Every structure is written in structure tokens, then in C-alpha cells.
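Down below is the structure, laid out as C-alpha cells.
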Amino acid sequence: MPKYHLHYFNGRGRAEVARLLFVAAGVEFEDVRIPFSQEDPGLNTWKEKKSTYPYKQVPVLYIDGVERPLTQSFAIHRYLAREFGMIGKDSFETALVEEVIELTTEIWMPMAIAKWERDETRRAELTKQFRENKCPTVLGYLEEVLRRNNGGDGFFVGDSLTVADLAVYNTLESMLVKPYLGTDWKPAMAKFPKLEALFHRISKIPTIAAYFEKRPDFSF
């Protein structure tokens, strides 16, 4: 088994699904976290390191014995999922897994746009639109997809954990644990009982529960 080194900021962001894949698979990796905040001197560290990364972006996955590092979060997620047997048992199941992952991006993109909007009036407008329209619509789609597989009491695809489940889990954590947009999502999640139950099932997986106990605090 090669040794892995995952570089990203000290936050969930675009690297948390990769971290969850390592944890769920029981594969050790070096979790390199770059401090990033206006108050933290680590901000200067990122400015110094930025040019050393491909495309001047993170996350980046370094694999011992492999000359070229792997970049782009979705490419990293899919690679690790294939290596760990967590992307479906055949090509069609893989497509179903990727379908679910694509659905989660329809939540993350407008949520991130709203969060990082600098104009306060525009940010409030985008947040309202997301909270009242886009987010419940996509959560409804995910609830429907989950129910199609064994009534929604197992996983999104097949009979075992895949990267699709972890991608949705990571999305739901932004609503149920530390709200990404400062909104209490728990009442709204009552409309999606299968999704919420999936979230709690994954939270109880021993390796994942242990990871959260020691995971550094995050700002995003």
C-alpha cells in the first residue's frame, strides 16, 4: 500500500470527502493542513507555498513512488474511491455513484457563492434563495434517490458504503453540525428523514466517529 499525503487548508472544503474515504477505508495518510485565516500568520504561509502547488491550488494528493501529484478534488475522490473499492461494483453502479456526487455539487456551488459574497445585501439575497429554493429542491432529489435503493435504509448505491454516501454525508454536515450559512437546518431536515438517518448511521461508523473526535476545528 503506497503512502499518501493530502494537502489542503484547515477546513473541510474540497478535501473532506477525500479524508473521509481514507478514514472509512482504514488507510493511513498524512493530513497536511495549511492554516488560512486573516488573523492567523499561516495566511502568509499559504502565500509562500501557493506557487509550489500545481495550478497554485489545493487540494493536492501526493503518492509515494508516483512522480506526478494528483489535483482537482473530484479527480482525487474518484481515484481514491476506485483504489478502496468504494465506487460501485460495475460501470453502471459507478455511474449512479457519480450521479449522486454531481447532485451534491448543486448544493455546494450556490452555498459557497452565497457564503463568500462580499456585498452584504447580495449575500442575504443569495442565502435566502438557497435556503428556500435550491437547497430543499436538491435535498428532495437526494431523498428520492436514496429511497430507490432498498427503501432508503441502506446506502445510495448497492449494499455497501461508497463515495456517494460520504459526499452526501459531508454536505449534510454543513447543515446539521456546523451550519455553513449560519442557518439552523434541523427543522428543515425533518422533511428528509432518510437522508438524516443516513447521516447518523455514517456518524456511528467507528473509524469515522474516531476521526471526528480528533479532527481539528474548522472554519469552513
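Labels used: A, B, ... for chains in the order of the C-alpha cells, numbers from 1 for residues in each chain, and numbers from 1 for ligands as shown.
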
Practice prompt. Pick out the residues sitting within 12 Å of A:His200, and hand them over as a PyMOL selection string; count only C-alpha atoms, and ignore anything fewer than 4 positions along from it in its own chain.
Written response: chain A and resi 153-154+165-166+168-170+172-173+176-177+193-196+204-205+208-209

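The environment of A:Gly13 within 12 Å, counting only C-alpha atoms and disregarding residues fewer than 5 places along the same chain, consists of His7, Tyr8, Ala18, Arg19, Arg33, Val58, Pro59, Ser73, Thr105, Trp108, Met109, Met111, Ala112, Ala167, Asn170, Thr171, Glu173, Ser174, Tyr180, Phe218, Ser219 and Phe220 of chain A.
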
Item to complete: Would you please extract all alpha helix (DSSP H) residues from stretch 18-189 of chain A, as assigned by DSSP on the backbone, and give them as a ChimeraX atom specification?
Response: /A:18-25,42-49,73-83,91-116,120-129,135-148,163-176,186-189

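The shortest atom-to-atom distance to A:His77, with only C-alpha atoms taken into account, belongs to A:Glu16 out of A:Glu144, A:Glu16, A:Glu28, A:Asp119.
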
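Comparing the minimum interatomic distances between A:Arg78 and each of A:Glu30, A:Glu106, A:Glu213, A:Glu98, counting only C-alpha atoms, we find that A:Glu98 sits nearest.
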
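For the choices A:Val32, A:Leu70, A:Leu96, A:Ala164, the atom-to-atom distance to A:Tyr55 is smallest for A:Leu70 when using only C-alpha atoms.
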
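Within stretch 17-219 of chain A, residues classed as strand (DSSP E) by DSSP on backbone coordinates are Phe29, Glu30, Asp31, Val32, Arg33, Ile34, Val60, Leu61, Tyr62, Ile63, Leu70 and Thr71 of chain A.
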
Worksheet item: Of the residues A:Leu21, A:Val157, A:Leu6, A:Ala15, which is the one nearest to A:Phe92, using only C-alpha atoms?
Response: A:Val157

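Comparing A:Ile113, A:Leu146, A:Val163, A:Met175 by their smallest distance to A:Pro187, the closest is A:Met175 (using only C-alpha atoms).
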